[in-house]
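Undergrad: data-v3.pdb is reproduced in full below (PDB, C-alpha atoms and all ligand atoms).
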ATOM      1  CA  MET A   1      19.914  30.748  11.657
ATOM      2  CA  ASN A   2      18.174  27.870  13.432
ATOM      3  CA  HIS A   3      20.019  25.728  15.984
ATOM      4  CA  PRO A   4      21.238  22.437  14.359
ATOM      5  CA  LYS A   5      18.902  20.457  16.634
ATOM      6  CA  GLU A   6      15.922  22.227  15.035
ATOM      7  CA  GLU A   7      16.613  20.612  11.640
ATOM      8  CA  VAL A   8      13.808  18.496  10.149
ATOM      9  CA  THR A   9      13.711  15.915   7.393
ATOM     10  CA  PHE A  10      11.104  13.836   5.596
ATOM     11  CA  VAL A  11      11.129  10.033   5.428
ATOM     12  CA  ILE A  12       8.942   7.410   3.742
ATOM     13  CA  VAL A  13       9.031   3.700   4.515
ATOM     14  CA  LYS A  14       8.600   2.347   0.974
ATOM     15  CA  PRO A  15       6.339  -0.627   0.017
ATOM     16  CA  ASP A  16       9.098  -3.225   0.540
ATOM     17  CA  GLY A  17       9.794  -1.814   4.027
ATOM     18  CA  VAL A  18       6.112  -1.783   5.033
ATOM     19  CA  LYS A  19       5.357  -5.248   3.595
ATOM     20  CA  ARG A  20       8.426  -6.778   5.227
ATOM     21  CA  GLY A  21       7.377  -5.418   8.633
ATOM     22  CA  LEU A  22      10.372  -3.097   8.944
ATOM     23  CA  SER A  23       8.526   0.113   9.906
ATOM     24  CA  GLY A  24       9.122  -0.363  13.632
ATOM     25  CA  GLU A  25      12.803  -1.224  13.140
ATOM     26  CA  ILE A  26      13.294   1.904  11.029
ATOM     27  CA  LEU A  27      11.626   4.146  13.626
ATOM     28  CA  ARG A  28      13.714   2.473  16.328
ATOM     29  CA  ARG A  29      16.971   3.264  14.535
ATOM     30  CA  PHE A  30      16.081   6.948  14.196
ATOM     31  CA  GLU A  31      14.918   7.220  17.798
ATOM     32  CA  GLN A  32      18.015   5.410  19.044
ATOM     33  CA  ARG A  33      20.125   8.179  17.460
ATOM     34  CA  ASN A  34      18.179  10.785  19.476
ATOM     35  CA  LEU A  35      16.101  11.876  16.519
ATOM     36  CA  LYS A  36      12.456  12.763  17.233
ATOM     37  CA  ILE A  37       9.487  11.522  15.207
ATOM     38  CA  ILE A  38       7.231  14.609  15.092
ATOM     39  CA  ALA A  39       4.697  13.390  12.479
ATOM     40  CA  LEU A  40       3.746   9.853  11.449
ATOM     41  CA  GLU A  41       1.102   8.177   9.249
ATOM     42  CA  LEU A  42       0.408   4.941   7.330
ATOM     43  CA  PHE A  43      -1.504   5.685   4.131
ATOM     44  CA  GLN A  44      -2.125   4.508   0.549
ATOM     45  CA  PRO A  45      -0.762   7.132  -1.863
ATOM     46  CA  THR A  46      -2.326   8.029  -5.205
ATOM     47  CA  ARG A  47      -0.248   8.004  -8.417
ATOM     48  CA  GLU A  48      -0.701  11.766  -8.562
ATOM     49  CA  GLN A  49       0.744  12.262  -5.057
ATOM     50  CA  ILE A  50       3.817  10.176  -5.909
ATOM     51  CA  ASP A  51       4.173  11.859  -9.291
ATOM     52  CA  ASN A  52       4.250  15.234  -7.530
ATOM     53  CA  HIS A  53       6.653  13.979  -4.868
ATOM     54  CA  TYR A  54       9.514  13.158  -7.244
ATOM     55  CA  PRO A  55      11.114  16.010  -9.213
ATOM     56  CA  LYS A  56       9.919  16.483 -12.779
ATOM     57  CA  ASP A  57      12.753  18.654 -14.068
ATOM     58  CA  GLN A  58      14.807  17.463 -17.008
ATOM     59  CA  ALA A  59      18.083  17.415 -15.047
ATOM     60  CA  TRP A  60      16.673  14.940 -12.480
ATOM     61  CA  ILE A  61      15.174  12.710 -15.200
ATOM     62  CA  ASP A  62      18.442  12.772 -17.189
ATOM     63  CA  ARG A  63      20.358  11.857 -14.012
ATOM     64  CA  LEU A  64      18.141   8.779 -13.479
ATOM     65  CA  GLY A  65      18.668   7.786 -17.125
ATOM     66  CA  GLU A  66      22.424   8.302 -16.905
ATOM     67  CA  LYS A  67      22.638   6.151 -13.761
ATOM     68  CA  THR A  68      20.818   3.332 -15.512
ATOM     69  CA  LEU A  69      23.039   3.601 -18.606
ATOM     70  CA  THR A  70      26.126   3.448 -16.363
ATOM     71  CA  THR A  71      24.812   0.234 -14.822
ATOM     72  CA  TYR A  72      24.118  -1.285 -18.242
ATOM     73  CA  LYS A  73      27.637  -0.410 -19.397
ATOM     74  CA  LYS A  74      29.207  -1.825 -16.239
ATOM     75  CA  TYR A  75      27.453  -5.200 -16.601
ATOM     76  CA  GLY A  76      27.645  -5.349 -20.402
ATOM     77  CA  TYR A  77      23.858  -5.174 -20.853
ATOM     78  CA  ASP A  78      22.486  -3.897 -24.147
ATOM     79  CA  ALA A  79      20.255  -0.897 -23.287
ATOM     80  CA  LYS A  80      18.923  -0.683 -26.846
ATOM     81  CA  ALA A  81      17.897  -4.352 -26.868
ATOM     82  CA  GLU A  82      16.394  -4.347 -23.369
ATOM     83  CA  LEU A  83      14.858  -0.887 -23.093
ATOM     84  CA  GLY A  84      14.472   0.029 -26.764
ATOM     85  CA  THR A  85      16.584   3.198 -26.472
ATOM     86  CA  THR A  86      19.950   4.538 -25.343
ATOM     87  CA  LYS A  87      18.713   8.096 -24.762
ATOM     88  CA  LYS A  88      19.163   9.211 -21.140
ATOM     89  CA  ASP A  89      15.978  11.313 -21.123
ATOM     90  CA  GLU A  90      13.818   8.421 -22.392
ATOM     91  CA  ILE A  91      15.403   5.942 -19.975
ATOM     92  CA  GLY A  92      15.076   8.463 -17.117
ATOM     93  CA  LYS A  93      11.342   8.767 -17.850
ATOM     94  CA  MET A  94      11.028   4.988 -17.907
ATOM     95  CA  VAL A  95      12.779   4.618 -14.518
ATOM     96  CA  ARG A  96      10.609   7.395 -13.075
ATOM     97  CA  ASN A  97       7.487   5.468 -14.185
ATOM     98  CA  TRP A  98       8.822   2.262 -12.606
ATOM     99  CA  LEU A  99       9.346   4.282  -9.436
ATOM    100  CA  VAL A 100       5.736   5.565  -9.425
ATOM    101  CA  ASP A 101       4.461   1.968  -9.993
ATOM    102  CA  TYR A 102       6.557   0.720  -7.085
ATOM    103  CA  MET A 103       5.655   3.544  -4.690
ATOM    104  CA  THR A 104       1.904   3.033  -5.257
ATOM    105  CA  SER A 105       2.037  -0.783  -4.948
ATOM    106  CA  ALA A 106       1.310  -0.859  -1.176
ATOM    107  CA  PRO A 107       0.705   1.502   1.745
ATOM    108  CA  LEU A 108       3.569   3.737   2.834
ATOM    109  CA  VAL A 109       4.578   5.135   6.214
ATOM    110  CA  LYS A 110       5.450   8.820   6.043
ATOM    111  CA  MET A 111       7.102  10.770   8.823
ATOM    112  CA  VAL A 112       8.852  13.973   9.803
ATOM    113  CA  VAL A 113      12.060  13.463  11.769
ATOM    114  CA  LYS A 114      13.704  16.228  13.805
ATOM    115  CA  GLY A 115      17.088  16.521  15.472
ATOM    116  CA  VAL A 116      20.761  17.455  15.147
ATOM    117  CA  HIS A 117      21.659  17.542  11.422
ATOM    118  CA  ALA A 118      18.498  15.494  10.782
ATOM    119  CA  VAL A 119      18.857  15.447   6.977
ATOM    120  CA  ASP A 120      22.413  14.084   6.875
ATOM    121  CA  MET A 121      21.964  11.954  10.005
ATOM    122  CA  VAL A 122      18.955  10.136   8.540
ATOM    123  CA  ARG A 123      20.742   9.597   5.178
ATOM    124  CA  LYS A 124      23.700   8.176   7.105
ATOM    125  CA  ILE A 125      21.448   5.762   9.062
ATOM    126  CA  VAL A 126      19.625   4.775   5.844
ATOM    127  CA  GLY A 127      22.760   4.271   3.708
ATOM    128  CA  PRO A 128      23.389   4.978   0.009
ATOM    129  CA  THR A 129      20.693   4.604  -2.682
ATOM    130  CA  MET A 130      21.798   1.198  -3.953
ATOM    131  CA  PRO A 131      21.441  -1.461  -1.211
ATOM    132  CA  SER A 132      24.061  -3.690  -2.851
ATOM    133  CA  ALA A 133      26.599  -0.897  -2.218
ATOM    134  CA  ALA A 134      25.397  -0.024   1.302
ATOM    135  CA  GLU A 135      27.541  -0.860   4.323
ATOM    136  CA  MET A 136      26.262  -3.282   6.925
ATOM    137  CA  GLY A 137      24.942  -1.291   9.884
ATOM    138  CA  THR A 138      22.843   0.933   7.620
ATOM    139  CA  ILE A 139      19.155   0.138   7.052
ATOM    140  CA  ARG A 140      19.674  -0.578   3.357
ATOM    141  CA  GLY A 141      22.859  -2.583   4.009
ATOM    142  CA  ASP A 142      21.272  -4.680   6.756
ATOM    143  CA  TYR A 143      17.957  -5.427   5.072
ATOM    144  CA  SER A 144      18.399  -5.410   1.291
ATOM    145  CA  VAL A 145      20.754  -6.588  -1.423
ATOM    146  CA  ASP A 146      18.885  -5.078  -4.380
ATOM    147  CA  SER A 147      20.938  -3.534  -7.165
ATOM    148  CA  PRO A 148      20.199  -1.485 -10.280
ATOM    149  CA  ALA A 149      21.552  -4.352 -12.393
ATOM    150  CA  ALA A 150      18.960  -6.743 -10.939
ATOM    151  CA  ALA A 151      16.157  -4.159 -10.898
ATOM    152  CA  ASN A 152      16.677  -2.882 -14.423
ATOM    153  CA  ARG A 153      16.889  -6.432 -15.785
ATOM    154  CA  ASP A 154      13.373  -6.929 -14.367
ATOM    155  CA  LYS A 155      12.286  -3.473 -15.614
ATOM    156  CA  ARG A 156      11.487  -2.194 -12.145
ATOM    157  CA  SER A 157      12.659   0.380  -9.640
ATOM    158  CA  VAL A 158      15.342  -0.438  -7.080
ATOM    159  CA  HIS A 159      13.693  -1.601  -3.849
ATOM    160  CA  ASN A 160      15.613   0.210  -1.150
ATOM    161  CA  ILE A 161      13.179   0.294   1.825
ATOM    162  CA  VAL A 162      13.321   4.015   2.644
ATOM    163  CA  HIS A 163      13.104   7.433   1.029
ATOM    164  CA  ALA A 164      14.837  10.289   2.865
ATOM    165  CA  SER A 165      15.233  13.925   1.791
ATOM    166  CA  GLU A 166      18.665  14.830   0.437
ATOM    167  CA  THR A 167      18.871  18.507   1.482
ATOM    168  CA  PRO A 168      17.092  20.809   3.980
ATOM    169  CA  GLU A 169      15.426  22.596   1.011
ATOM    170  CA  GLU A 170      14.132  19.280  -0.379
ATOM    171  CA  ALA A 171      12.946  18.336   3.134
ATOM    172  CA  LYS A 172      10.921  21.552   3.421
ATOM    173  CA  HIS A 173       9.340  21.007   0.016
ATOM    174  CA  GLU A 174       8.491  17.362   0.805
ATOM    175  CA  ILE A 175       7.111  18.095   4.301
ATOM    176  CA  ASP A 176       4.843  20.780   2.797
ATOM    177  CA  HIS A 177       3.734  18.298   0.121
ATOM    178  CA  TRP A 178       2.907  15.439   2.512
ATOM    179  CA  PHE A 179       1.800  17.031   5.803
ATOM    180  CA  SER A 180      -0.341  19.947   6.910
ATOM    181  CA  PRO A 181       1.022  21.979   9.858
ATOM    182  CA  ASP A 182      -1.672  20.599  12.211
ATOM    183  CA  GLN A 183      -0.326  17.039  11.681
ATOM    184  CA  ILE A 184       3.114  17.955  13.040
ATOM    185  CA  HIS A 185       3.567  17.769  16.815
ATOM    186  CA  ASP A 186       6.858  18.818  18.349
ATOM    187  CA  TYR A 187       7.836  17.933  21.915
ATOM    188  CA  LYS A 188      10.938  17.765  24.078
ATOM    189  CA  ARG A 189      12.711  14.426  24.352
ATOM    190  CA  ALA A 190      13.939  13.488  27.828
ATOM    191  CA  GLU A 191      17.574  13.361  26.648
ATOM    192  CA  GLU A 192      17.499  16.975  25.495
ATOM    193  CA  ASP A 193      18.055  18.169  29.095
ATOM    194  CA  MET A 194      21.029  15.851  29.588
ATOM    195  CA  MET A 195      22.771  15.711  26.238
ATOM    196  CA  PHE A 196      22.684  19.232  24.900
TER
HETATM  197  P1  LIG B   1      17.479   8.426  -3.245
HETATM  198  O1  LIG B   1      16.093   7.855  -3.046
HETATM  199  O2  LIG B   1      18.512   7.661  -2.455
HETATM  200  O3  LIG B   1      17.561   9.903  -2.993
HETATM  201  P2  LIG B   1      17.453   8.941  -6.126
HETATM  202  O4  LIG B   1      16.777  10.246  -5.846
HETATM  203  O5  LIG B   1      18.653   8.931  -6.997
HETATM  204  O6  LIG B   1      17.837   8.171  -4.772
HETATM  205  O7  LIG B   1      16.399   7.964  -6.822
HETATM  206  C1  LIG B   1      15.072   7.853  -6.395
HETATM  207  C2  LIG B   1      14.690   6.391  -6.318
HETATM  208  O8  LIG B   1      14.631   5.856  -7.640
HETATM  209  C3  LIG B   1      15.679   5.488  -5.580
HETATM  210  O9  LIG B   1      15.502   5.509  -4.186
HETATM  211  C4  LIG B   1      15.390   4.141  -6.191
HETATM  212  O10 LIG B   1      14.240   3.510  -5.590
HETATM  213  C5  LIG B   1      15.031   4.503  -7.641
HETATM  214  N1  LIG B   1      16.171   4.413  -8.579
HETATM  215  C6  LIG B   1      17.207   5.263  -8.656
HETATM  216  N2  LIG B   1      18.048   4.908  -9.658
HETATM  217  C7  LIG B   1      17.515   3.794 -10.215
HETATM  218  C8  LIG B   1      17.896   2.938 -11.288
HETATM  219  N3  LIG B   1      19.002   3.123 -12.004
HETATM  220  N4  LIG B   1      17.090   1.905 -11.571
HETATM  221  C9  LIG B   1      15.955   1.683 -10.881
HETATM  222  N5  LIG B   1      15.553   2.438  -9.859
HETATM  223  C10 LIG B   1      16.311   3.484  -9.530
END
Would you mind writing the file out in structure tokens?

TA:
Amino acid sequence: MNHPKEEVTFVIVKPDGVKRGLSGEILRRFEQRNLKIIALELFQPTREQIDNHYPKDQAWIDRLGEKTLTTYKKYGYDAKAELGTTKKDEIGKMVRNWLVDYMTSAPLVKMVVKGVHAVDMVRKIVGPTMPSAAEMGTIRGDYSVDSPAAANRDKRSVHNIVHASETPEEAKHEIDHWFSPDQIHDYKRAEEDMMF
């Protein structure tokens, strides 16, 4: 088994993060926590690339639909009136399309981040999916107040600044999707001699 400091994860600064000039701040927060940026690029994605980035399996689509239905119930919104359906699979597909629209609306910054428990550490620095529920001190909590209630009312995806892999398996899949091995450059950070 690899040493925990060998763990890698995949991160995207989403269109709202890039257009608000937050890319540097996001990199800074990772680097401050002794994580290493070992691949980095600004690029304009195609719809196909984004479509292949997000899972296509029914369980993931149903989960997106269920989350939206939960929000509608919580705020007393009428899903049938606003979205034309109450079926989780149809709503999940709709949210996935909003997500592809959003993720192709501006350039993105993609990166590979390496370090101790990189996957969980990055998710902790980024904060939970919904910015309105994120604690201050996290990227989403410090820089966004978006919520599914607001987003779904406007028939759009939640704008939450960053994408970060959820598991090491997902990270591997996403790194393979977005980078070729010759774009990844590992090195030793100065702190590695002192801290570990
Ligand atoms: P995460 O990106 O934190 O792993 P998910 O995988 O659950 O979150 O969802 C993917 C992305 O889809 C989110 O980051 C967010 O931009 C968007 N999203 C998730 N749920 C909703 C929702 N109910 N309404 C609109 N957008 C959503």

Undergrad: Residues up to 9 Å from ligand LIG 1 (chain B), counting all atoms listed in the file: could you list those as a ChimeraX atom specification?

TA: /A:14,54-55,60,63-71,92,95-96,98-99,102-103,123,126-130,147-152,155-166

Undergrad: On this file, the PyMOL selection byres (((chain A and resi 183) around 10) and not hetatm) gives some set of residues; write that set as a list in words.

TA: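 In the shown coordinates, the PyMOL selection byres (((chain A and resi 183) around 10) and not hetatm) covers Ile38, Ala39, Leu40, Glu41, Val112, Trp178, Phe179, Ser180, Pro181, Asp182, Ile184, His185 and Asp186 of chain A.
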
Undergrad: List the residues selected by the PyMOL selection byres (((chain A and resi 4) around 12) and not hetatm) in the file shown, writing them as a tab-separated table (two decimals) with C-alpha atoms, keeping the file's coordinate frame.

TA:
chain	number	residue	atom	x	y	z
A	1	MET	CA	19.91	30.75	11.66
A	2	ASN	CA	18.17	27.87	13.43
A	3	HIS	CA	20.02	25.73	15.98
A	5	LYS	CA	18.90	20.46	16.63
A	6	GLU	CA	15.92	22.23	15.04
A	7	GLU	CA	16.61	20.61	11.64
A	8	VAL	CA	13.81	18.50	10.15
A	35	LEU	CA	16.10	11.88	16.52
A	114	LYS	CA	13.70	16.23	13.80
A	115	GLY	CA	17.09	16.52	15.47
A	116	VAL	CA	20.76	17.45	15.15
A	117	HIS	CA	21.66	17.54	11.42
A	118	ALA	CA	18.50	15.49	10.78
A	119	VAL	CA	18.86	15.45	6.98
A	120	ASP	CA	22.41	14.08	6.88
A	121	MET	CA	21.96	11.95	10.01
A	168	PRO	CA	17.09	20.81	3.98
A	196	PHE	CA	22.68	19.23	24.90

Undergrad: For the provided coordinates, the residues matched by the PyMOL selection byres (((chain A and resi 141) around 10) and not hetatm) should be stated as a ChimeraX atom specification.

TA: /A:125-128,130-140,142-146,160

Undergrad: Pick from A:Thr167, A:Gln58, A:Ser23, A:Asn34: nearest to Leu108 of chain A, with only C-alpha atoms counted?

TA: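 For Leu108 of chain A, the nearest of the given residues is A:Ser23.
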
Undergrad: Can you measure atom CA of Leu42 of chain A to atom CA of Lys188 of chain A for me? One decimal in Å is fine.

TA: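 Atom-to-atom, atom CA of Leu42 of chain A to atom CA of Lys188 of chain A, that is 23.6 Å.
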
Undergrad: Using all atoms of segment 126-143 of chain A that appear in the file, construct an axis-aligned enclosing box with 3 Å of padding on every side and provide its centre coordinates and edge lengths in Å, rounded to one decimal, as lines of an AutoDock Vina configuration file.

TA:
center_x = 22.7
center_y = -0.2
center_z = 3.0
size_x = 15.6
size_y = 16.4
size_z = 19.8

Undergrad: Report, in Å with one decimal, the straight-line distance from atom CA of Tyr75 of chain A to atom CA of Glu90 of chain A.

TA: 20.1 Å

Undergrad: Hey, can you check how far atom CA of Ile26 of chain A sits from atom CA of Val13 of chain A?

TA: 8.0 Å

Undergrad: So that each row is one residue of segment 3-116 of chain A with an atom at most 7 Å from segment 171-176 of chain A, can you give its shortest atom pair and the distance in Å to one decimal, using only C-alpha atoms, rows by chain and rising number, as JSON lines?

TA:
{"residue": "A:Thr9", "atom": "CA", "partner": "A:Ala171", "partner_atom": "CA", "distance": 5.0}
{"residue": "A:Phe10", "atom": "CA", "partner": "A:Ala171", "partner_atom": "CA", "distance": 5.5}
{"residue": "A:His53", "atom": "CA", "partner": "A:Glu174", "partner_atom": "CA", "distance": 6.9}

Undergrad: From the set A:Ile61, A:Leu27, A:Ala106, A:Val11, which residue has the shortest atom-to-atom contact distance to Gln44 of chain A, counting all atoms listed in the file?

TA: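 Closest to Gln44 of chain A, using all atoms listed in the file: A:Ala106.
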
Undergrad: Kindly output segment 34-65 of chain A as a short mmCIF file (atom, residue, chain, number, x, y, z; two decimals), in the frame of the given file, after building N, CA and C atoms.

TA:
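Saved result, out_5.cif, follows:
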data_model
loop_
_atom_site.label_atom_id
_atom_site.label_comp_id
_atom_site.auth_asym_id
_atom_site.auth_seq_id
_atom_site.Cartn_x
_atom_site.Cartn_y
_atom_site.Cartn_z
N ASN A 34 18.70 9.55 18.89
CA ASN A 34 18.18 10.78 19.48
C ASN A 34 17.45 11.70 18.50
N LEU A 35 16.94 11.09 17.42
CA LEU A 35 16.10 11.88 16.52
C LEU A 35 14.65 11.72 16.98
N LYS A 36 13.85 12.77 16.77
CA LYS A 36 12.46 12.76 17.23
C LYS A 36 11.52 12.56 16.06
N ILE A 37 10.53 11.67 16.22
CA ILE A 37 9.49 11.52 15.21
C ILE A 37 8.41 12.54 15.58
N ILE A 38 8.20 13.56 14.72
CA ILE A 38 7.23 14.61 15.09
C ILE A 38 5.97 14.58 14.22
N ALA A 39 5.92 13.64 13.25
CA ALA A 39 4.70 13.39 12.48
C ALA A 39 4.82 11.98 11.92
N LEU A 40 3.69 11.27 11.85
CA LEU A 40 3.75 9.85 11.45
C LEU A 40 2.39 9.39 10.95
N GLU A 41 2.38 8.71 9.77
CA GLU A 41 1.10 8.18 9.25
C GLU A 41 1.32 7.05 8.24
N LEU A 42 0.48 6.00 8.36
CA LEU A 42 0.41 4.94 7.33
C LEU A 42 -0.72 5.33 6.38
N PHE A 43 -0.47 5.27 5.09
CA PHE A 43 -1.50 5.68 4.13
C PHE A 43 -1.25 5.04 2.78
N GLN A 44 -2.28 5.01 1.92
CA GLN A 44 -2.12 4.51 0.55
C GLN A 44 -2.03 5.72 -0.38
N PRO A 45 -0.89 5.94 -1.01
CA PRO A 45 -0.76 7.13 -1.86
C PRO A 45 -1.45 6.95 -3.21
N THR A 46 -1.82 8.07 -3.83
CA THR A 46 -2.33 8.03 -5.20
C THR A 46 -1.13 8.18 -6.15
N ARG A 47 -1.32 7.82 -7.42
CA ARG A 47 -0.25 8.00 -8.42
C ARG A 47 0.11 9.49 -8.52
N GLU A 48 -0.92 10.33 -8.43
CA GLU A 48 -0.70 11.77 -8.56
C GLU A 48 0.19 12.29 -7.43
N GLN A 49 -0.08 11.81 -6.20
CA GLN A 49 0.74 12.26 -5.06
C GLN A 49 2.21 11.87 -5.25
N ILE A 50 2.43 10.63 -5.72
CA ILE A 50 3.82 10.18 -5.91
C ILE A 50 4.46 10.93 -7.08
N ASP A 51 3.67 11.13 -8.13
CA ASP A 51 4.17 11.86 -9.29
C ASP A 51 4.62 13.27 -8.89
N ASN A 52 3.88 13.88 -7.97
CA ASN A 52 4.25 15.23 -7.53
C ASN A 52 5.35 15.23 -6.48
N HIS A 53 5.59 14.08 -5.88
CA HIS A 53 6.65 13.98 -4.87
C HIS A 53 8.04 14.00 -5.53
N TYR A 54 8.20 13.22 -6.59
CA TYR A 54 9.51 13.16 -7.24
C TYR A 54 9.68 14.32 -8.22
N PRO A 55 10.90 14.87 -8.31
CA PRO A 55 11.11 16.01 -9.21
C PRO A 55 10.74 15.66 -10.66
N LYS A 56 10.30 16.70 -11.38
CA LYS A 56 9.92 16.48 -12.78
C LYS A 56 10.88 17.18 -13.73
N ASP A 57 11.88 17.88 -13.18
CA ASP A 57 12.75 18.65 -14.07
C ASP A 57 13.66 17.73 -14.87
N GLN A 58 14.04 18.26 -16.05
CA GLN A 58 14.81 17.46 -17.01
C GLN A 58 16.12 16.97 -16.43
N ALA A 59 16.77 17.80 -15.60
CA ALA A 59 18.08 17.42 -15.05
C ALA A 59 17.95 16.17 -14.18
N TRP A 60 16.88 16.10 -13.37
CA TRP A 60 16.67 14.94 -12.48
C TRP A 60 16.37 13.69 -13.30
N ILE A 61 15.54 13.85 -14.34
CA ILE A 61 15.17 12.71 -15.20
C ILE A 61 16.41 12.21 -15.96
N ASP A 62 17.21 13.15 -16.48
CA ASP A 62 18.44 12.77 -17.19
C ASP A 62 19.39 12.03 -16.26
N ARG A 63 19.47 12.49 -14.99
CA ARG A 63 20.36 11.86 -14.01
C ARG A 63 19.93 10.40 -13.77
N LEU A 64 18.63 10.16 -13.66
CA LEU A 64 18.14 8.78 -13.48
C LEU A 64 18.51 7.92 -14.69
N GLY A 65 18.34 8.51 -15.89
CA GLY A 65 18.67 7.79 -17.12
C GLY A 65 20.15 7.48 -17.21
#
